[in-house]
file target-v9.pdb (PDB, C-alpha atoms, pLDDT in the B column)
ATOM      1  CA  MET A   1       0.000   0.000   0.000  1.00 48.00           C
ATOM      2  CA  ASN A   2       1.546   3.293  -1.082  1.00 48.00           C
ATOM      3  CA  THR A   3      -0.562   5.883   0.701  1.00 57.00           C
ATOM      4  CA  PRO A   4      -1.285   5.715   4.408  1.00 70.00           C
ATOM      5  CA  VAL A   5      -4.821   5.383   5.708  1.00 83.00           C
ATOM      6  CA  ARG A   6      -5.295   7.025   9.083  1.00 81.00           C
ATOM      7  CA  VAL A   7      -8.666   7.365  10.823  1.00 85.00           C
ATOM      8  CA  THR A   8      -9.873   8.448  14.222  1.00 84.00           C
ATOM      9  CA  ALA A   9     -11.251   5.792  16.551  1.00 85.00           C
ATOM     10  CA  GLN A  10     -11.750   5.077  20.227  1.00 84.00           C
ATOM     11  CA  THR A  11     -10.099   2.394  22.325  1.00 85.00           C
ATOM     12  CA  MET A  12     -12.593   0.669  24.555  1.00 85.00           C
ATOM     13  CA  GLY A  13     -11.966  -0.494  28.096  1.00 82.00           C
ATOM     14  CA  ALA A  14     -14.013  -2.693  30.399  1.00 78.00           C
ATOM     15  CA  THR A  15     -17.195  -0.637  29.929  1.00 75.00           C
ATOM     16  CA  VAL A  16     -18.664   1.524  27.173  1.00 70.00           C
ATOM     17  CA  PHE A  17     -17.859   4.547  29.323  1.00 78.00           C
ATOM     18  CA  ASN A  18     -14.150   3.745  29.457  1.00 84.00           C
ATOM     19  CA  THR A  19     -13.055   5.009  26.032  1.00 87.00           C
ATOM     20  CA  LYS A  20     -10.039   6.974  24.872  1.00 89.00           C
ATOM     21  CA  ASN A  21      -9.362   8.827  21.623  1.00 90.00           C
ATOM     22  CA  ALA A  22      -7.102   6.978  19.226  1.00 91.00           C
ATOM     23  CA  THR A  23      -6.028   6.708  15.615  1.00 90.00           C
ATOM     24  CA  LEU A  24      -5.966   3.555  13.524  1.00 91.00           C
ATOM     25  CA  GLU A  25      -3.422   3.657  10.733  1.00 90.00           C
ATOM     26  CA  TRP A  26      -2.322   1.452   7.871  1.00 90.00           C
ATOM     27  CA  THR A  27       1.153   2.843   7.245  1.00 89.00           C
ATOM     28  CA  PRO A  28       2.796   3.164   3.796  1.00 87.00           C
ATOM     29  CA  ASP A  29       5.140   0.293   4.683  1.00 88.00           C
ATOM     30  CA  GLY A  30       2.156  -1.984   5.476  1.00 88.00           C
ATOM     31  CA  ARG A  31       2.123  -1.847   9.277  1.00 92.00           C
ATOM     32  CA  ILE A  32      -0.958  -1.532  11.464  1.00 92.00           C
ATOM     33  CA  ARG A  33      -0.575   1.145  14.098  1.00 93.00           C
ATOM     34  CA  ILE A  34      -2.968   2.105  16.907  1.00 93.00           C
ATOM     35  CA  VAL A  35      -2.059   5.204  18.902  1.00 93.00           C
ATOM     36  CA  GLU A  36      -4.005   6.669  21.832  1.00 91.00           C
ATOM     37  CA  VAL A  37      -4.099  10.451  21.481  1.00 87.00           C
ATOM     38  CA  GLU A  38      -5.733  11.890  24.587  1.00 85.00           C
ATOM     39  CA  PRO A  39      -5.708  15.711  24.843  1.00 86.00           C
ATOM     40  CA  GLY A  40      -2.957  17.032  27.094  1.00 88.00           C
ATOM     41  CA  GLN A  41      -1.062  13.730  27.106  1.00 89.00           C
ATOM     42  CA  GLN A  42       1.732  12.297  25.018  1.00 91.00           C
ATOM     43  CA  PRO A  43       0.520   9.885  22.298  1.00 90.00           C
ATOM     44  CA  ALA A  44       0.826   6.255  23.397  1.00 91.00           C
ATOM     45  CA  VAL A  45       1.518   3.589  20.761  1.00 93.00           C
ATOM     46  CA  LEU A  46      -0.628   0.560  21.631  1.00 93.00           C
ATOM     47  CA  LEU A  47       0.089  -1.488  18.522  1.00 94.00           C
ATOM     48  CA  ASP A  48       2.647  -1.186  15.735  1.00 93.00           C
ATOM     49  CA  THR A  49       2.997  -4.429  13.829  1.00 93.00           C
ATOM     50  CA  PRO A  50       2.974  -5.897  10.346  1.00 93.00           C
ATOM     51  CA  PRO A  51      -0.101  -8.042   9.582  1.00 92.00           C
ATOM     52  CA  PRO A  52       1.657 -11.354  10.476  1.00 92.00           C
ATOM     53  CA  GLY A  53       2.093  -9.931  13.999  1.00 93.00           C
ATOM     54  CA  LEU A  54      -1.658 -10.278  14.534  1.00 94.00           C
ATOM     55  CA  ARG A  55      -2.997 -13.602  15.761  1.00 93.00           C
ATOM     56  CA  GLN A  56      -6.605 -12.646  14.967  1.00 93.00           C
ATOM     57  CA  VAL A  57      -8.952  -9.699  14.471  1.00 93.00           C
ATOM     58  CA  SER A  58     -12.609  -9.948  15.473  1.00 89.00           C
ATOM     59  CA  ASN A  59     -15.031  -7.923  13.367  1.00 89.00           C
ATOM     60  CA  HIS A  60     -18.112  -6.893  15.377  1.00 82.00           C
ATOM     61  CA  THR A  61     -20.893  -5.411  13.255  1.00 75.00           C
ATOM     62  CA  VAL A  62     -24.067  -5.817  15.373  1.00 66.00           C
ATOM     63  CA  ASN A  63     -25.088  -2.347  16.609  1.00 63.00           C
ATOM     64  CA  GLN A  64     -21.437  -1.343  16.745  1.00 69.00           C
ATOM     65  CA  SER A  65     -18.444  -0.874  14.539  1.00 80.00           C
ATOM     66  CA  MET A  66     -15.702  -2.539  16.512  1.00 86.00           C
ATOM     67  CA  LEU A  67     -12.509  -4.333  15.617  1.00 90.00           C
ATOM     68  CA  VAL A  68     -10.747  -6.357  18.306  1.00 90.00           C
ATOM     69  CA  PHE A  69      -7.040  -6.754  17.578  1.00 93.00           C
ATOM     70  CA  LYS A  70      -5.305  -9.766  19.137  1.00 93.00           C
ATOM     71  CA  PRO A  71      -1.558  -9.440  18.540  1.00 94.00           C
ATOM     72  CA  GLN A  72       0.922 -12.321  18.815  1.00 92.00           C
ATOM     73  CA  ALA A  73       2.425 -10.537  21.821  1.00 88.00           C
ATOM     74  CA  GLY A  74       0.770  -7.948  24.020  1.00 89.00           C
ATOM     75  CA  PRO A  75      -2.748  -7.194  25.188  1.00 92.00           C
ATOM     76  CA  THR A  76      -5.953  -7.362  23.164  1.00 91.00           C
ATOM     77  CA  ILE A  77      -7.120  -3.959  21.881  1.00 92.00           C
ATOM     78  CA  LYS A  78     -10.800  -3.147  21.329  1.00 91.00           C
ATOM     79  CA  LEU A  79     -11.262  -0.338  18.840  1.00 90.00           C
ATOM     80  CA  SER A  80     -14.573   1.369  18.048  1.00 88.00           C
ATOM     81  CA  LEU A  81     -14.910   2.864  14.580  1.00 87.00           C
ATOM     82  CA  LEU A  82     -18.284   4.510  15.271  1.00 85.00           C
ATOM     83  CA  GLY A  83     -18.067   8.104  14.118  1.00 81.00           C
ATOM     84  CA  SER A  84     -14.582   7.652  12.721  1.00 83.00           C
ATOM     85  CA  MET A  85     -13.216  10.170  10.252  1.00 84.00           C
ATOM     86  CA  ILE A  86      -9.976  10.753   8.406  1.00 83.00           C
ATOM     87  CA  ALA A  87      -7.413  11.766  11.018  1.00 83.00           C
ATOM     88  CA  PRO A  88      -5.680  15.080  10.414  1.00 81.00           C
ATOM     89  CA  GLU A  89      -1.953  14.980   9.767  1.00 79.00           C
ATOM     90  CA  PRO A  90       0.332  16.862  12.160  1.00 78.00           C
ATOM     91  CA  ASN A  91       0.535  20.572  11.225  1.00 84.00           C
ATOM     92  CA  GLU A  92      -2.043  20.135   8.452  1.00 84.00           C
ATOM     93  CA  SER A  93      -4.085  23.253   7.641  1.00 88.00           C
ATOM     94  CA  ALA A  94      -7.874  23.154   7.765  1.00 89.00           C
ATOM     95  CA  ASP A  95      -8.080  23.768   4.009  1.00 90.00           C
ATOM     96  CA  SER A  96      -5.750  20.932   3.047  1.00 87.00           C
ATOM     97  CA  TYR A  97      -7.525  18.621   5.527  1.00 85.00           C
ATOM     98  CA  ALA A  98     -10.896  19.486   3.966  1.00 86.00           C
ATOM     99  CA  ARG A  99      -9.548  18.838   0.451  1.00 86.00           C
ATOM    100  CA  ARG A 100      -7.936  15.554   1.451  1.00 83.00           C
ATOM    101  CA  THR A 101     -11.099  14.390   3.220  1.00 83.00           C
ATOM    102  CA  ALA A 102     -13.300  15.321   0.262  1.00 85.00           C
ATOM    103  CA  MET A 103     -11.026  13.440  -2.161  1.00 83.00           C
ATOM    104  CA  SER A 104     -10.481  10.233  -0.203  1.00 78.00           C
ATOM    105  CA  GLY A 105     -13.421   9.853   2.188  1.00 79.00           C
ATOM    106  CA  VAL A 106     -13.440   7.615   5.235  1.00 83.00           C
ATOM    107  CA  PRO A 107     -12.759   3.936   4.583  1.00 84.00           C
ATOM    108  CA  PRO A 108     -15.595   1.843   6.033  1.00 84.00           C
ATOM    109  CA  GLN A 109     -15.040  -0.981   8.486  1.00 84.00           C
ATOM    110  CA  SER A 110     -15.392  -3.455   5.626  1.00 85.00           C
ATOM    111  CA  TRP A 111     -12.306  -1.914   3.966  1.00 86.00           C
ATOM    112  CA  TRP A 112     -10.242  -2.658   7.082  1.00 87.00           C
ATOM    113  CA  VAL A 113     -11.581  -6.222   7.223  1.00 89.00           C
ATOM    114  CA  GLN A 114     -10.929  -6.908   3.527  1.00 90.00           C
ATOM    115  CA  THR A 115      -7.436  -5.385   3.673  1.00 90.00           C
ATOM    116  CA  LEU A 116      -6.527  -7.394   6.776  1.00 91.00           C
ATOM    117  CA  ARG A 117      -7.818 -10.613   5.178  1.00 92.00           C
ATOM    118  CA  ALA A 118      -5.903  -9.860   1.970  1.00 91.00           C
ATOM    119  CA  SER A 119      -2.767  -9.508   4.112  1.00 90.00           C
ATOM    120  CA  GLY A 120      -3.233 -12.971   5.604  1.00 91.00           C
ATOM    121  CA  VAL A 121      -4.745 -11.989   8.950  1.00 92.00           C
ATOM    122  CA  LYS A 122      -7.402 -14.319  10.380  1.00 92.00           C
ATOM    123  CA  VAL A 123     -10.572 -12.210  10.703  1.00 91.00           C
ATOM    124  CA  VAL A 124     -13.523 -13.612  12.650  1.00 88.00           C
ATOM    125  CA  ASP A 125     -16.902 -12.010  11.928  1.00 84.00           C
ATOM    126  CA  TRP A 126     -19.401 -11.422  14.706  1.00 75.00           C
ATOM    127  CA  GLY A 127     -22.763 -10.529  13.197  1.00 63.00           C
ATOM    128  CA  TRP A 128     -26.476 -11.146  13.537  1.00 64.00           C
ATOM    129  CA  GLY A 129     -26.171 -14.891  12.870  1.00 68.00           C
ATOM    130  CA  LYS A 130     -23.916 -15.545  15.871  1.00 67.00           C
ATOM    131  CA  SER A 131     -25.974 -13.200  18.056  1.00 66.00           C
ATOM    132  CA  PHE A 132     -29.227 -15.018  17.201  1.00 71.00           C
ATOM    133  CA  ALA A 133     -27.575 -18.418  17.688  1.00 72.00           C
ATOM    134  CA  ILE A 134     -26.388 -17.447  21.174  1.00 76.00           C
ATOM    135  CA  ALA A 135     -29.769 -15.929  22.076  1.00 79.00           C
ATOM    136  CA  GLY A 136     -31.528 -19.079  20.802  1.00 83.00           C
ATOM    137  CA  GLY A 137     -29.181 -21.275  22.817  1.00 85.00           C
ATOM    138  CA  ILE A 138     -29.868 -19.296  25.982  1.00 89.00           C
ATOM    139  CA  VAL A 139     -33.639 -19.395  25.454  1.00 89.00           C
ATOM    140  CA  GLY A 140     -33.467 -23.137  24.727  1.00 88.00           C
ATOM    141  CA  ALA A 141     -31.395 -23.782  27.863  1.00 89.00           C
ATOM    142  CA  VAL A 142     -33.850 -21.803  30.017  1.00 91.00           C
ATOM    143  CA  ILE A 143     -36.772 -23.813  28.610  1.00 90.00           C
ATOM    144  CA  VAL A 144     -34.995 -27.149  29.216  1.00 90.00           C
ATOM    145  CA  ILE A 145     -34.066 -26.163  32.780  1.00 91.00           C
ATOM    146  CA  SER A 146     -37.635 -24.990  33.462  1.00 88.00           C
ATOM    147  CA  LEU A 147     -39.040 -28.289  32.159  1.00 87.00           C
ATOM    148  CA  LEU A 148     -36.562 -30.264  34.310  1.00 87.00           C
ATOM    149  CA  VAL A 149     -37.455 -28.283  37.405  1.00 87.00           C
ATOM    150  CA  ALA A 150     -41.164 -28.728  36.716  1.00 84.00           C
ATOM    151  CA  ALA A 151     -40.714 -32.467  36.136  1.00 84.00           C
ATOM    152  CA  LEU A 152     -38.602 -32.957  39.262  1.00 84.00           C
ATOM    153  CA  SER A 153     -40.883 -30.939  41.512  1.00 83.00           C
ATOM    154  CA  GLY A 154     -43.920 -32.874  40.237  1.00 75.00           C
ATOM    155  CA  ALA A 155     -42.156 -36.215  40.821  1.00 58.00           C
ATOM    156  CA  PHE A 156     -41.607 -35.680  44.547  1.00 50.00           C
TER     157      PHE A 156
END

call {"tool": "encode", "arguments": {"input": "target-v9.pdb", "output": "structure tokens"}}
result
Amino acid sequence: MNTPVRVTAQTMGATVFNTKNATLEWTPDGRIRIVEVEPGQQPAVLLDTPPPGLRQVSNHTVNQSMLVFKPQAGPTIKLSLLGSMIAPEPNESADSYARRTAMSGVPPQSWWVQTLRASGVKVVDWGWGKSFAIAGGIVGAVIVISLLVAALSGAF
């Protein structure tokens, strides 16, 4: 990839309220970089690896735009792409940022998934099918347990 792709994102902690501003970047030399960029603090590089350095990426698309990066070494990083936009370059003027944004647009989550897959990264999709399967399994288990309890309490 010759031109870098750099978008704003949010790292997610244990709860939906524990988020921090970040950038997700596909560098010109083909590395994936995630940097937390909280106002008033020094940027913190959370991930800077070539695609083979990722064990797996989970693609969550149900009511959220989230990618979960699982590197070979280091902690798992949850990244929300909701409301992401092209990240401004350092010292970039407002006019040049507006022109660059108008020309390139924001790559959707599917672009990240396709590019990661094309680079050999294992990407696991989490969509409506898995959500309904889990919900169905839970409902089925509750029904079976209720029937067992009813049968056992009637037997004694």

call {"tool": "atom_distance", "arguments": {"input": "target-v9.pdb", "atom1": "CA of Val121 in chain A", "atom2": "CA of Trp26 in chain A"}}
result
13.7 Å

call {"tool": "atom_distance", "arguments": {"input": "target-v9.pdb", "atom1": "CA of Pro108 in chain A", "atom2": "CA of Pro28 in chain A"}}
result
18.6 Å

call {"tool": "atom_distance", "arguments": {"input": "target-v9.pdb", "atom1": "CA of Gly13 in chain A", "atom2": "CA of Asn91 in chain A"}}
result
29.7 Å

call {"tool": "closest_residue", "arguments": {"input": "target-v9.pdb", "among": "A:Leu81, A:Val16, A:Val57, A:Ala118", "to": "Gly30 in chain A", "atoms": "all atoms listed in the file"}}
result
A:Ala118

call {"tool": "closest_residue", "arguments": {"input": "target-v9.pdb", "among": "A:Ile134, A:Ala22, A:Val7, A:Val124", "to": "Val35 in chain A", "atoms": "all atoms listed in the file"}}
result
A:Ala22

call {"tool": "closest_residue", "arguments": {"input": "target-v9.pdb", "among": "A:Met66, A:Gln72, A:Gly120, A:Val37", "to": "Thr49 in chain A", "atoms": "all atoms listed in the file"}}
result
A:Gln72

call {"tool": "closest_residue", "arguments": {"input": "target-v9.pdb", "among": "A:Thr76, A:Thr27, A:Asn18, A:Ser84", "to": "Gly105 in chain A", "atoms": "all atoms listed in the file"}}
result
A:Ser84

call {"tool": "closest_residue", "arguments": {"input": "target-v9.pdb", "among": "A:Leu82, A:Val142, A:Ala94, A:Met103", "to": "Thr61 in chain A", "atoms": "all atoms listed in the file"}}
result
A:Leu82

call {"tool": "residues_near_point", "arguments": {"input": "target-v9.pdb", "point": "(-7.5, -15.9, 10.4)", "cutoff": "12 Å", "atoms": "all atoms listed in the file", "output": "list of chain:residue names"}}
result
A:Pro51, A:Pro52, A:Gly53, A:Leu54, A:Arg55, A:Gln56, A:Val57, A:Ser58, A:Asn59, A:Phe69, A:Lys70, A:Pro71, A:Val113, A:Gln114, A:Leu116, A:Arg117, A:Ala118, A:Ser119, A:Gly120, A:Val121, A:Lys122, A:Val123, A:Val124, A:Asp125

call {"tool": "residues_near_point", "arguments": {"input": "target-v9.pdb", "point": "(-2.3, 5.4, 20.9)", "cutoff": "10 Å", "atoms": "all atoms listed in the file", "output": "count of residues only"}}
result
21

call {"tool": "residues_around", "arguments": {"input": "target-v9.pdb", "residues": "range 97-101 of chain A", "least_positions_apart": "4", "cutoff": "12 Å", "atoms": "all atoms listed in the file", "output": "list of chain:residue names"}}
result
A:Val5, A:Arg6, A:Val7, A:Met85, A:Ile86, A:Ala87, A:Pro88, A:Glu89, A:Pro90, A:Asn91, A:Glu92, A:Ser93, A:Gly105, A:Val106, A:Pro107

call {"tool": "closest_residue", "arguments": {"input": "target-v9.pdb", "among": "A:Ala133, A:Ala151, A:Ile32, A:Leu67", "to": "Gln109 in chain A", "atoms": "only C-alpha atoms"}}
result
A:Leu67

call {"tool": "build_atoms", "arguments": {"input": "target-v9.pdb", "residues": "range 82-103 of chain A", "atoms": "N, CA and C atoms", "output": "PDB file, in the frame of the given file"}}
result
ATOM      1  N   LEU A  82     -17.087   3.681  15.375  1.00 85.00           N
ATOM      2  CA  LEU A  82     -18.284   4.510  15.271  1.00 85.00           C
ATOM      3  C   LEU A  82     -17.874   5.974  15.215  1.00 85.00           C
ATOM      4  N   GLY A  83     -18.377   6.677  14.246  1.00 81.00           N
ATOM      5  CA  GLY A  83     -18.067   8.104  14.118  1.00 81.00           C
ATOM      6  C   GLY A  83     -16.646   8.392  13.691  1.00 81.00           C
ATOM      7  N   SER A  84     -15.965   7.398  13.120  1.00 83.00           N
ATOM      8  CA  SER A  84     -14.582   7.652  12.721  1.00 83.00           C
ATOM      9  C   SER A  84     -14.540   8.572  11.502  1.00 83.00           C
ATOM     10  N   MET A  85     -13.438   9.269  11.384  1.00 84.00           N
ATOM     11  CA  MET A  85     -13.216  10.170  10.252  1.00 84.00           C
ATOM     12  C   MET A  85     -11.734  10.134   9.927  1.00 84.00           C
ATOM     13  N   ILE A  86     -11.391  10.685   8.775  1.00 83.00           N
ATOM     14  CA  ILE A  86      -9.976  10.753   8.406  1.00 83.00           C
ATOM     15  C   ILE A  86      -9.258  11.582   9.472  1.00 83.00           C
ATOM     16  N   ALA A  87      -8.168  11.058   9.985  1.00 83.00           N
ATOM     17  CA  ALA A  87      -7.413  11.766  11.018  1.00 83.00           C
ATOM     18  C   ALA A  87      -6.548  12.840  10.379  1.00 83.00           C
ATOM     19  N   PRO A  88      -6.538  14.026  10.971  1.00 81.00           N
ATOM     20  CA  PRO A  88      -5.680  15.080  10.414  1.00 81.00           C
ATOM     21  C   PRO A  88      -4.200  14.747  10.615  1.00 81.00           C
ATOM     22  N   GLU A  89      -3.402  15.157   9.664  1.00 79.00           N
ATOM     23  CA  GLU A  89      -1.953  14.980   9.767  1.00 79.00           C
ATOM     24  C   GLU A  89      -1.401  16.072  10.680  1.00 79.00           C
ATOM     25  N   PRO A  90      -0.274  15.820  11.330  1.00 78.00           N
ATOM     26  CA  PRO A  90       0.332  16.862  12.160  1.00 78.00           C
ATOM     27  C   PRO A  90       0.631  18.115  11.332  1.00 78.00           C
ATOM     28  N   ASN A  91       0.299  19.267  11.847  1.00 84.00           N
ATOM     29  CA  ASN A  91       0.535  20.572  11.225  1.00 84.00           C
ATOM     30  C   ASN A  91      -0.197  20.752   9.895  1.00 84.00           C
ATOM     31  N   GLU A  92      -1.266  20.007   9.677  1.00 84.00           N
ATOM     32  CA  GLU A  92      -2.043  20.135   8.452  1.00 84.00           C
ATOM     33  C   GLU A  92      -3.041  21.281   8.598  1.00 84.00           C
ATOM     34  N   SER A  93      -3.142  22.125   7.583  1.00 88.00           N
ATOM     35  CA  SER A  93      -4.085  23.253   7.641  1.00 88.00           C
ATOM     36  C   SER A  93      -5.509  22.731   7.463  1.00 88.00           C
ATOM     37  N   ALA A  94      -6.467  23.534   7.886  1.00 89.00           N
ATOM     38  CA  ALA A  94      -7.874  23.154   7.765  1.00 89.00           C
ATOM     39  C   ALA A  94      -8.276  22.989   6.302  1.00 89.00           C
ATOM     40  N   ASP A  95      -7.753  23.867   5.435  1.00 90.00           N
ATOM     41  CA  ASP A  95      -8.080  23.768   4.009  1.00 90.00           C
ATOM     42  C   ASP A  95      -7.550  22.481   3.378  1.00 90.00           C
ATOM     43  N   SER A  96      -6.302  22.149   3.653  1.00 87.00           N
ATOM     44  CA  SER A  96      -5.750  20.932   3.047  1.00 87.00           C
ATOM     45  C   SER A  96      -6.424  19.692   3.638  1.00 87.00           C
ATOM     46  N   TYR A  97      -6.797  19.739   4.920  1.00 85.00           N
ATOM     47  CA  TYR A  97      -7.525  18.621   5.527  1.00 85.00           C
ATOM     48  C   TYR A  97      -8.887  18.447   4.849  1.00 85.00           C
ATOM     49  N   ALA A  98      -9.580  19.547   4.617  1.00 86.00           N
ATOM     50  CA  ALA A  98     -10.896  19.486   3.966  1.00 86.00           C
ATOM     51  C   ALA A  98     -10.769  18.929   2.544  1.00 86.00           C
ATOM     52  N   ARG A  99      -9.756  19.357   1.805  1.00 86.00           N
ATOM     53  CA  ARG A  99      -9.548  18.838   0.451  1.00 86.00           C
ATOM     54  C   ARG A  99      -9.223  17.341   0.468  1.00 86.00           C
ATOM     55  N   ARG A 100      -8.334  16.953   1.366  1.00 83.00           N
ATOM     56  CA  ARG A 100      -7.936  15.554   1.451  1.00 83.00           C
ATOM     57  C   ARG A 100      -9.125  14.672   1.849  1.00 83.00           C
ATOM     58  N   THR A 101      -9.931  15.141   2.786  1.00 83.00           N
ATOM     59  CA  THR A 101     -11.099  14.390   3.220  1.00 83.00           C
ATOM     60  C   THR A 101     -12.127  14.260   2.103  1.00 83.00           C
ATOM     61  N   ALA A 102     -12.327  15.344   1.354  1.00 85.00           N
ATOM     62  CA  ALA A 102     -13.300  15.321   0.262  1.00 85.00           C
ATOM     63  C   ALA A 102     -12.845  14.374  -0.853  1.00 85.00           C
ATOM     64  N   MET A 103     -11.539  14.289  -1.085  1.00 83.00           N
ATOM     65  CA  MET A 103     -11.026  13.440  -2.161  1.00 83.00           C
ATOM     66  C   MET A 103     -11.023  11.962  -1.779  1.00 83.00           C
TER      67      MET A 103
END
